[in-house]
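S.K.: mmCIF, C-alpha atoms and all ligand atoms, file data28.cif:
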```cif
data_coords
#
loop_
_atom_site.label_atom_id
_atom_site.label_comp_id
_atom_site.auth_asym_id
_atom_site.auth_seq_id
_atom_site.Cartn_x
_atom_site.Cartn_y
_atom_site.Cartn_z
CA MET A 196 34.48 57.23 -8.23
CA SER A 197 30.80 58.10 -7.84
CA PRO A 198 30.09 61.66 -6.58
CA GLU A 199 28.70 60.40 -3.25
CA THR A 200 31.85 58.55 -2.22
CA VAL A 201 35.03 59.94 -0.67
CA ALA A 202 38.60 58.70 -1.15
CA LEU A 203 39.44 56.89 2.09
CA ASN A 204 42.83 57.10 3.72
CA HIS A 205 44.19 53.55 3.71
CA TYR A 206 47.25 51.43 4.31
CA THR A 207 48.04 48.16 2.60
CA SER A 208 50.30 45.30 3.71
CA GLY A 209 51.02 41.75 2.63
CA ASP A 210 51.25 40.38 -0.89
CA PRO A 211 49.21 42.45 -3.38
CA ASP A 212 48.60 39.25 -5.40
CA ALA A 213 47.15 37.39 -2.41
CA PRO A 214 43.40 37.39 -1.59
CA ALA A 215 42.36 40.79 -0.24
CA VAL A 216 40.99 41.43 3.25
CA PHE A 217 39.59 44.84 4.24
CA LEU A 218 39.53 45.86 7.92
CA GLY A 219 36.84 48.34 9.11
CA ALA A 220 37.36 50.09 12.47
CA SER A 221 34.93 51.03 15.23
CA LEU A 222 33.39 54.46 15.80
CA GLY A 223 36.00 56.94 17.05
CA THR A 224 39.08 54.90 16.10
CA THR A 225 41.46 54.75 13.14
CA LEU A 226 43.01 52.07 10.99
CA SER A 227 45.72 51.74 13.68
CA MET A 228 43.31 49.71 15.79
CA TRP A 229 44.03 46.85 13.38
CA ASP A 230 47.84 46.78 13.61
CA SER A 231 48.00 43.43 15.39
CA LEU A 232 45.44 41.67 13.16
CA ALA A 233 47.05 43.11 10.00
CA ASP A 234 50.44 41.70 11.06
CA HIS A 235 48.80 38.35 11.81
CA LEU A 236 47.15 38.15 8.36
CA ALA A 237 49.85 39.71 6.17
CA HIS A 238 51.69 36.43 5.49
CA ARG A 239 48.65 35.08 3.57
CA TYR A 240 46.54 38.05 2.54
CA HIS A 241 46.65 41.46 0.94
CA VAL A 242 45.46 43.48 3.95
CA VAL A 243 43.74 46.84 3.38
CA ARG A 244 43.15 48.97 6.47
CA PHE A 245 41.16 52.16 6.03
CA ASP A 246 39.94 55.15 8.03
CA THR A 247 36.17 55.41 7.84
CA ARG A 248 34.82 58.67 6.42
CA GLY A 249 34.92 61.33 9.15
CA HIS A 250 37.77 59.56 10.98
CA GLY A 251 41.57 59.57 11.11
CA SER A 252 43.08 60.98 7.91
CA SER A 253 40.02 60.36 5.71
CA PRO A 254 37.96 63.33 4.52
CA VAL A 255 35.31 64.76 6.85
CA PRO A 256 32.50 65.89 4.54
CA PRO A 257 29.47 67.54 6.17
CA GLY A 258 26.99 65.08 7.71
CA PRO A 259 24.71 63.36 8.19
CA TYR A 260 26.25 60.19 6.77
CA THR A 261 24.39 56.99 5.96
CA MET A 262 25.62 53.42 6.40
CA ARG A 263 25.04 52.91 2.69
CA ALA A 264 27.44 55.80 1.91
CA LEU A 265 30.07 54.43 4.32
CA ALA A 266 29.82 51.05 2.57
CA ALA A 267 29.98 52.71 -0.87
CA ASP A 268 33.26 54.38 0.19
CA VAL A 269 34.73 50.89 0.79
CA VAL A 270 33.59 49.66 -2.62
CA ALA A 271 35.10 52.79 -4.19
CA LEU A 272 38.40 52.06 -2.41
CA ALA A 273 38.33 48.46 -3.71
CA ASP A 274 37.70 49.81 -7.22
CA GLU A 275 40.58 52.28 -6.85
CA LEU A 276 42.88 49.38 -5.81
CA GLU A 277 41.49 47.24 -8.67
CA ILE A 278 40.27 44.60 -6.23
CA ARG A 279 37.09 42.96 -7.48
CA ARG A 280 36.35 40.61 -4.56
CA PHE A 281 37.55 40.84 -0.98
CA ALA A 282 36.99 39.49 2.51
CA TYR A 283 35.86 42.00 5.09
CA VAL A 284 36.40 42.17 8.86
CA GLY A 285 34.68 44.96 10.81
CA LEU A 286 34.20 45.83 14.47
CA SER A 287 31.09 47.63 15.72
CA LEU A 288 30.51 50.53 13.26
CA GLY A 289 32.98 48.68 11.01
CA GLY A 290 30.77 45.59 11.39
CA ALA A 291 27.65 47.58 10.45
CA ILE A 292 29.48 48.70 7.30
CA GLY A 293 30.35 45.04 6.65
CA LEU A 294 26.74 43.91 7.00
CA THR A 295 25.67 46.73 4.68
CA LEU A 296 28.27 45.57 2.15
CA ALA A 297 26.86 42.04 2.43
CA VAL A 298 23.28 43.13 1.62
CA GLU A 299 24.08 45.88 -0.91
CA HIS A 300 27.24 44.56 -2.58
CA GLY A 301 27.32 40.86 -1.71
CA ASP A 302 28.84 40.01 -5.10
CA ARG A 303 32.02 41.84 -4.01
CA LEU A 304 32.55 39.81 -0.80
CA THR A 305 34.31 36.47 -0.39
CA SER A 306 34.00 36.19 3.39
CA LEU A 307 32.72 38.27 6.31
CA VAL A 308 33.69 38.60 9.98
CA LEU A 309 31.37 40.79 12.07
CA CYS A 310 32.81 41.68 15.48
CA CYS A 311 31.12 43.25 18.51
CA THR A 312 28.32 44.55 16.32
CA ALA A 313 24.57 44.29 15.72
CA ALA A 314 21.91 44.59 13.00
CA LYS A 315 20.56 47.65 14.88
CA PHE A 316 22.31 49.68 17.59
CA GLY A 317 19.63 50.27 20.20
CA ASP A 318 17.52 53.43 20.45
CA PRO A 319 18.21 55.86 17.57
CA PHE A 320 17.69 58.84 19.90
CA THR A 321 20.71 57.93 22.04
CA TRP A 322 22.89 58.23 18.90
CA LEU A 323 21.28 61.49 17.84
CA ASP A 324 21.75 62.87 21.37
CA ARG A 325 25.38 61.73 21.47
CA GLY A 326 26.02 63.30 18.06
CA ALA A 327 24.39 66.59 19.15
CA ARG A 328 26.49 66.75 22.32
CA VAL A 329 29.69 66.01 20.39
CA ARG A 330 28.84 68.78 17.91
CA ASP A 331 28.31 71.19 20.83
CA GLU A 332 31.04 70.13 23.26
CA GLY A 333 33.66 68.19 21.30
CA MET A 334 35.17 64.81 22.21
CA ARG A 335 36.69 65.21 25.71
CA TRP A 336 33.60 64.24 27.74
CA LEU A 337 33.11 61.17 25.56
CA VAL A 338 36.60 59.81 26.21
CA ASP A 339 35.91 59.70 29.95
CA ALA A 340 32.47 58.17 29.41
CA THR A 341 33.78 55.50 27.04
CA ARG A 342 36.72 53.97 28.94
CA GLU A 343 34.66 51.33 30.74
CA ARG A 344 32.50 50.44 27.76
CA TRP A 345 35.54 49.67 25.65
CA PHE A 346 37.71 47.86 28.20
CA THR A 347 37.20 45.63 31.22
CA PRO A 348 38.41 46.85 34.65
CA GLU A 349 41.14 44.17 34.54
CA PHE A 350 42.43 45.37 31.16
CA LEU A 351 42.40 49.01 32.30
CA ARG A 352 44.37 48.02 35.39
CA GLU A 353 46.90 45.78 33.63
CA HIS A 354 47.31 47.65 30.30
CA PRO A 355 46.60 51.33 31.02
CA ARG A 356 48.91 52.62 28.27
CA GLU A 357 47.37 50.42 25.58
CA ALA A 358 43.88 51.55 26.63
CA ASP A 359 45.01 55.20 26.58
CA ASP A 360 46.46 54.78 23.07
CA VAL A 361 43.07 53.62 21.76
CA LEU A 362 41.13 56.25 23.71
CA ARG A 363 43.46 58.91 22.29
CA MET A 364 42.14 57.99 18.81
CA LEU A 365 38.65 58.80 20.10
CA GLY A 366 39.76 62.13 21.56
CA ASP A 367 41.49 63.04 18.29
CA THR A 368 38.47 62.21 16.08
CA ALA A 369 36.87 65.16 14.26
CA PRO A 370 33.64 65.92 16.17
CA GLN A 371 31.74 66.58 12.92
CA GLY A 372 32.85 63.24 11.49
CA TYR A 373 32.04 61.34 14.66
CA ALA A 374 28.61 62.97 14.96
CA ALA A 375 27.80 62.31 11.30
CA CYS A 376 28.60 58.60 11.89
CA CYS A 377 26.25 58.69 14.93
CA ASP A 378 23.57 59.81 12.45
CA ALA A 379 24.38 56.75 10.33
CA LEU A 380 24.11 54.45 13.37
CA ALA A 381 20.79 56.04 14.40
CA ALA A 382 19.21 55.25 11.03
CA TYR A 383 20.86 51.84 10.61
CA ASP A 384 18.59 48.80 10.92
CA LEU A 385 19.20 45.72 8.81
CA SER A 386 17.20 43.40 11.08
CA ASP A 387 14.81 42.53 8.26
CA ARG A 388 17.47 41.94 5.63
CA LEU A 389 19.65 39.29 7.26
CA GLY A 390 18.18 36.57 5.02
CA GLU A 391 19.76 38.35 2.04
CA VAL A 392 23.32 37.67 3.26
CA SER A 393 24.93 34.85 1.26
CA THR A 394 28.59 35.55 2.24
CA PRO A 395 30.13 32.99 4.66
CA THR A 396 29.92 34.84 7.97
CA ARG A 397 31.47 34.52 11.42
CA LEU A 398 30.43 36.57 14.44
CA ILE A 399 33.11 37.38 17.01
CA LEU A 400 31.57 38.64 20.24
CA ALA A 401 32.95 39.60 23.62
CA ALA A 402 31.51 38.16 26.82
CA GLN A 403 31.91 41.44 28.78
CA ASP A 404 30.85 43.83 25.99
CA PRO A 405 28.22 46.24 27.39
CA VAL A 406 27.63 47.93 24.01
CA THR A 407 26.90 44.94 21.77
CA PRO A 408 26.67 42.00 24.19
CA PRO A 409 26.37 38.50 22.75
CA GLU A 410 22.54 38.65 23.25
CA ALA A 411 22.38 41.72 20.97
CA ALA A 412 24.07 39.74 18.22
CA ARG A 413 21.73 36.75 18.49
CA PRO A 414 19.55 37.98 15.59
CA LEU A 415 22.69 37.99 13.41
CA VAL A 416 23.63 34.44 14.35
CA GLU A 417 20.07 33.23 13.82
CA GLY A 418 19.29 35.34 10.75
CA ILE A 419 22.39 34.87 8.59
CA ALA A 420 22.34 31.44 6.97
CA GLY A 421 25.30 29.31 8.06
CA ALA A 422 26.78 31.98 10.38
CA ASP A 423 28.80 30.74 13.34
CA GLN A 424 29.99 32.60 16.42
CA VAL A 425 33.01 32.77 18.69
CA VAL A 426 32.55 34.41 22.10
CA ILE A 427 35.76 35.80 23.61
CA ASP A 428 36.03 35.89 27.37
CA GLY A 429 37.93 38.65 29.20
CA ALA A 430 37.10 41.44 26.74
CA ALA A 431 34.65 44.34 26.51
CA HIS A 432 33.73 46.23 23.30
CA ILE A 433 37.19 46.62 21.75
CA ALA A 434 37.89 42.91 21.90
CA ASN A 435 40.67 42.86 19.30
CA ILE A 436 42.89 45.03 21.52
CA ALA A 437 42.04 43.22 24.75
CA ARG A 438 42.46 39.65 23.49
CA PRO A 439 44.50 39.77 20.25
CA ASP A 440 45.50 36.11 20.67
CA ARG A 441 41.95 34.73 20.61
CA PHE A 442 40.61 37.42 18.29
CA ASN A 443 43.25 37.10 15.58
CA ALA A 444 43.05 33.30 15.64
CA ALA A 445 39.25 33.39 15.29
CA VAL A 446 39.45 35.75 12.29
CA ALA A 447 42.24 33.79 10.56
CA GLU A 448 40.50 30.45 11.07
CA HIS A 449 37.34 31.71 9.35
CA LEU A 450 39.20 33.40 6.49
CA ASP A 451 41.49 30.42 5.88
CA ARG A 452 38.41 28.16 5.68
CA THR A 453 36.25 30.37 3.46
CA VAL A 454 38.56 32.43 1.21
CA GLN A 455 39.77 30.58 -1.88
CA GLU A 456 43.12 31.49 -3.47
O1 LIG A 501 32.01 51.24 18.58
C1 LIG A 501 31.27 51.56 17.63
O2 LIG A 501 31.65 51.52 16.44
C2 LIG A 501 29.86 51.97 17.88
C3 LIG A 501 29.44 51.81 19.29
C4 LIG A 501 30.20 52.72 20.17
O3 LIG A 501 30.44 53.86 19.87
C5 LIG A 501 30.64 52.19 21.45
C6 LIG A 501 30.52 53.22 22.51
O4 LIG A 501 29.42 53.35 23.04
O5 LIG A 501 31.49 53.90 22.73
#
```
Output the file's structure as C-alpha cells, nothing else.
Ligand SMILES: O=C(O)CCC(=O)CC(=O)O
M.R.:
Amino acid sequence: MSPETVALNHYTSGDPDAPAVFLGASLGTTLSMWDSLADHLAHRYHVVRFDTRGHGSSPVPPGPYTMRALAADVVALADELEIRRFAYVGLSLGGAIGLTLAVEHGDRLTSLVLCCTAAKFGDPFTWLDRGARVRDEGMRWLVDATRERWFTPEFLREHPREADDVLRMLGDTAPQGYAACCDALAAYDLSDRLGEVSTPTRLILAAQDPVTPPEAARPLVEGIAGADQVVIDGAAHIANIARPDRFNAAVAEHLDRTVQE
C-alpha cells in the first residue's frame, strides 16, 4: 500500500469469483447505507462495501483530504483484495470518488454508476465553512440541518425510523473526518475532465434532491460519452434509502448490461 493511502474498513458479500462491484457511500454515512443494494446484487456479484476515510470504522487521519486520496484508498483496497478490475457505484461524495477513479484509474473500472452527485459541488466556501463549524461544534447541529435535504417530507412522515437510522450515522461520524472530507469536496472540480471518462456510465438522480438536483448533473450526462440517466421520483438526496425498488433496479440493469463475466 502506498504511504498516502489508508486501509479502509470494508465488508464483502456474494461470490468472491464473480465480477466485483464496489459501493461508495455519501458524506456522513457508513457502508451500512448500502445494505439493501448489496443484498440485491449479491446473487451475481462480489460486492465490496467500504467506509470512506474519516467515516465509520475506517481510520481518521488528520485532514485535509483530497478526492484523489479518497480514490487512491479504494484502489489500495482493490489491490489488497487482489481485484484488478471492478464496477463502482457511488452516491454523492461516493460518486465524486467514482468520477475521480474514472479519470485517474479508468483502467481499473468495468462500469460506473454515479448517483445524486456532480462534477463540482457548488461554492467551495460553503464546504469550508461547514467543515470549520463541524470542527468547532461537532455533528449535532448538522443532523438537524440535514434531515430535509436527505429525505422528502413524505418519507420523513411515513418512515421516521429509517430516516433516523441514516441520520444517526451522520451524528456518529468523527467531526475531524467529516470536516476533512468537506475540504476534499471544496477543492473537487472535474468539470473539465469529463471527456476523459471511457467507462460505461449511468447517472441515477432524484427528482426532489435539493443538494444535487438533476440540473446539477446535466454536465455529467452531456460530458461523459455514452452516459445515460435515470431520474427517480419521490426521493431527495439519499435516494437509495427512499426508493430502493427503483434505485436497485436501475443499478442492476446498468451493471448487468455493461459488466462482462
Ligand atoms: O452527501 C454527500 O456526500 C455530499 C453532499 C452532502 O453532504 C449533502 C448535505 O448537504 O448534507
S.K.: Nearest residue to A:Thr341 out of A:Gly223, A:Cys376, A:Ala437, A:Ile278, using all atoms listed in the file?
M.R.: A:Gly223
S.K.: For ligand LIG 501 (chain A), which residue among A:Ala434, A:Ala369, A:Leu222, A:Ala264 is the nearest when counting only C-alpha atoms and all ligand atoms?
M.R.: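 Looking only at the distances to ligand LIG 501 (chain A), the closest residue turns out to be A:Leu222.
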S.K.: Name all residues at most 8 Å from A:Gly258 (count all atoms listed in the file; drop same-chain ones fewer than 5 positions away) and give them as a list in words.
M.R.: Gln371, Gly372, Ala374, Ala375, Cys376 and Asp378 of chain A
S.K.: Counting all atoms listed in the file, give me one row per residue of chain A with an atom at most 10 Å from an atom of ligand LIG 501 (chain A), showing the shortest contact pair and its distance in Å to one decimal, sorted by chain then residue number, as a Markdown table.
M.R.:
```
| residue | atom | partner | partner_atom | distance |
| --- | --- | --- | --- | --- |
| A:Gly219 | CA | A:LIG501 | O2 | 9.5 |
| A:Ala220 | CA | A:LIG501 | O2 | 7.1 |
| A:Ser221 | CA | A:LIG501 | O2 | 3.5 |
| A:Leu222 | CA | A:LIG501 | O2 | 3.5 |
| A:Gly223 | CA | A:LIG501 | O3 | 7.0 |
| A:Thr224 | CA | A:LIG501 | O2 | 8.2 |
| A:Gly285 | CA | A:LIG501 | O2 | 9.2 |
| A:Leu286 | CA | A:LIG501 | O2 | 6.5 |
| A:Ser287 | CA | A:LIG501 | O2 | 4.0 |
| A:Leu288 | CA | A:LIG501 | O2 | 3.5 |
| A:Gly289 | CA | A:LIG501 | O2 | 6.3 |
| A:Gly290 | CA | A:LIG501 | O2 | 7.8 |
| A:Ala291 | CA | A:LIG501 | O2 | 8.2 |
| A:Ile292 | CA | A:LIG501 | O2 | 9.8 |
| A:Cys310 | CA | A:LIG501 | O2 | 10.0 |
| A:Cys311 | CA | A:LIG501 | O1 | 8.0 |
| A:Thr312 | CA | A:LIG501 | C1 | 7.7 |
| A:Ala313 | CA | A:LIG501 | C2 | 9.6 |
| A:Phe316 | CA | A:LIG501 | C3 | 7.6 |
| A:Gly317 | CA | A:LIG501 | C3 | 10.0 |
| A:Thr321 | CA | A:LIG501 | O4 | 9.9 |
| A:Trp322 | CA | A:LIG501 | O3 | 8.8 |
| A:Arg325 | CA | A:LIG501 | O4 | 9.4 |
| A:Leu337 | CA | A:LIG501 | O5 | 8.0 |
| A:Val338 | CA | A:LIG501 | O5 | 8.6 |
| A:Ala340 | CA | A:LIG501 | O5 | 8.0 |
| A:Thr341 | CA | A:LIG501 | O5 | 5.1 |
| A:Arg342 | CA | A:LIG501 | O5 | 8.1 |
| A:Glu343 | CA | A:LIG501 | O5 | 9.0 |
| A:Arg344 | CA | A:LIG501 | O5 | 6.2 |
| A:Trp345 | CA | A:LIG501 | O5 | 6.5 |
| A:Leu362 | CA | A:LIG501 | O5 | 10.0 |
| A:Leu365 | CA | A:LIG501 | O5 | 9.1 |
| A:Tyr373 | CA | A:LIG501 | O3 | 9.3 |
| A:Cys376 | CA | A:LIG501 | O2 | 9.0 |
| A:Cys377 | CA | A:LIG501 | O3 | 8.1 |
| A:Leu380 | CA | A:LIG501 | C2 | 7.7 |
| A:Asp404 | CA | A:LIG501 | C5 | 9.5 |
| A:Pro405 | CA | A:LIG501 | O4 | 8.4 |
| A:Val406 | CA | A:LIG501 | O4 | 5.8 |
| A:Thr407 | CA | A:LIG501 | C3 | 7.7 |
| A:His432 | CA | A:LIG501 | C5 | 7.0 |
| A:Ile433 | CA | A:LIG501 | O1 | 7.6 |
```
S.K.: Quick one: everything within 10 Å of stretch 447-451 of chain A, counting only C-alpha atoms, minus sequence neighbours fewer than 5 positions away in the same chain. Send it as a list in words.
M.R.: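 Once the adjacent positions are removed, what remains is Pro214, Val216, Leu232, His235, Leu236, Arg239, Tyr240, Ala282, Tyr283, Val284, Thr305, Ser306, Leu307, Val308, Pro395, Thr396, Arg397, Leu398, Asp423, Phe442 and Glu456 of chain A.
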S.K.: Just to confirm, what's the straight-line distance from atom CA of A:Met364 to atom CA of A:Leu265 in Å (one decimal)?
M.R.: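 The value is 19.2 Å.
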S.K.: From the list A:Ser393, A:Gln455, A:Ser386, A:Ser252, which residue is nearest A:Val201 when using only C-alpha atoms?
M.R.: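 Counting only C-alpha atoms, the residue closest to A:Val201 is A:Ser252.
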S.K.: Atom CA of A:Tyr383 and atom CA of A:Arg248, how far apart in Å?
M.R.: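 So the answer is 16.1 Å.
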S.K.: Fewer than 3 positions away in the same chain doesn't count, so skip those; otherwise give me all residues within 8 Å of A:Ile419, counting all atoms listed in the file, as a list of chain:residue names.
M.R.: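 Using all atoms listed in the file, the neighbours found are A:Leu389, A:Gly390, A:Glu391, A:Val392, A:Ser393, A:Thr396, A:Leu415, A:Val416, A:Ala422.
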S.K.: Between atom CA of A:Gly209 and atom CA of A:Val242, measure the distance and give it in Å to one decimal.
M.R.: 6.0 Å
S.K.: Counting all atoms listed in the file, which residue out of A:Pro355, A:Pro257, A:Gly326, A:Pro319 sits closest to A:Ile436?
M.R.: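 Using all atoms listed in the file, the shortest distance to A:Ile436 belongs to A:Pro355.
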S.K.: Select, from A:Leu218, A:Ala412, A:Glu199, A:Ala445, the residue with the minimum atom-to-atom distance to A:Val425, counting only C-alpha atoms.
M.R.: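 Answer, going by the shortest atom-to-atom distance: A:Ala445.
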S.K.: Restricting the calculation to only C-alpha atoms: of A:Ile427, A:Thr200, A:Asp387, A:Arg263, which residue gets closest to A:Glu275?
M.R.: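 Checking each of A:Ile427, A:Thr200, A:Asp387, A:Arg263 against A:Glu275, counting only C-alpha atoms, the winner is A:Thr200.
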S.K.: Compile the contact shell of A:Asp268 as an mmCIF file with C-alpha atoms, in the frame of the given file: residues with an atom at most 12 Å away, counting only C-alpha atoms, same-chain residues fewer than 2 positions apart removed.
M.R.:
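Output contents, as saved in part22.cif:
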```cif
data_model
loop_
_atom_site.group_PDB
_atom_site.id
_atom_site.type_symbol
_atom_site.label_atom_id
_atom_site.label_comp_id
_atom_site.auth_asym_id
_atom_site.auth_seq_id
_atom_site.Cartn_x
_atom_site.Cartn_y
_atom_site.Cartn_z
ATOM 1 C CA MET A 196 34.480 57.230 -8.230
ATOM 2 C CA SER A 197 30.800 58.100 -7.840
ATOM 3 C CA PRO A 198 30.090 61.660 -6.580
ATOM 4 C CA GLU A 199 28.700 60.400 -3.250
ATOM 5 C CA THR A 200 31.850 58.550 -2.220
ATOM 6 C CA VAL A 201 35.030 59.940 -0.670
ATOM 7 C CA ALA A 202 38.600 58.700 -1.150
ATOM 8 C CA LEU A 203 39.440 56.890 2.090
ATOM 9 C CA ASN A 204 42.830 57.100 3.720
ATOM 10 C CA HIS A 205 44.190 53.550 3.710
ATOM 11 C CA GLY A 219 36.840 48.340 9.110
ATOM 12 C CA PHE A 245 41.160 52.160 6.030
ATOM 13 C CA ASP A 246 39.940 55.150 8.030
ATOM 14 C CA THR A 247 36.170 55.410 7.840
ATOM 15 C CA ARG A 248 34.820 58.670 6.420
ATOM 16 C CA GLY A 249 34.920 61.330 9.150
ATOM 17 C CA SER A 253 40.020 60.360 5.710
ATOM 18 C CA PRO A 254 37.960 63.330 4.520
ATOM 19 C CA TYR A 260 26.250 60.190 6.770
ATOM 20 C CA THR A 261 24.390 56.990 5.960
ATOM 21 C CA MET A 262 25.620 53.420 6.400
ATOM 22 C CA ARG A 263 25.040 52.910 2.690
ATOM 23 C CA ALA A 264 27.440 55.800 1.910
ATOM 24 C CA LEU A 265 30.070 54.430 4.320
ATOM 25 C CA ALA A 266 29.820 51.050 2.570
ATOM 26 C CA VAL A 270 33.590 49.660 -2.620
ATOM 27 C CA ALA A 271 35.100 52.790 -4.190
ATOM 28 C CA LEU A 272 38.400 52.060 -2.410
ATOM 29 C CA ALA A 273 38.330 48.460 -3.710
ATOM 30 C CA ASP A 274 37.700 49.810 -7.220
ATOM 31 C CA GLU A 275 40.580 52.280 -6.850
ATOM 32 C CA ILE A 292 29.480 48.700 7.300
ATOM 33 C CA GLY A 293 30.350 45.040 6.650
ATOM 34 C CA THR A 295 25.670 46.730 4.680
ATOM 35 C CA LEU A 296 28.270 45.570 2.150
ATOM 36 C CA HIS A 300 27.240 44.560 -2.580
#
```
S.K.: Taking 6 positions as the minimum chain separation for residues in the same chain, which residues sit within 8 Å of A:Arg280 when counting only C-alpha atoms? Answer as number ranges by chain.
M.R.: A: 215, 302-305
S.K.: Using all atoms listed in the file, list the residues that have an atom at most 10 Å from (49.2, 56.1, 13.2), coordinates as in the file, as a PyMOL selection string.
M.R.: chain A and resi 225-228+230+251-252+364
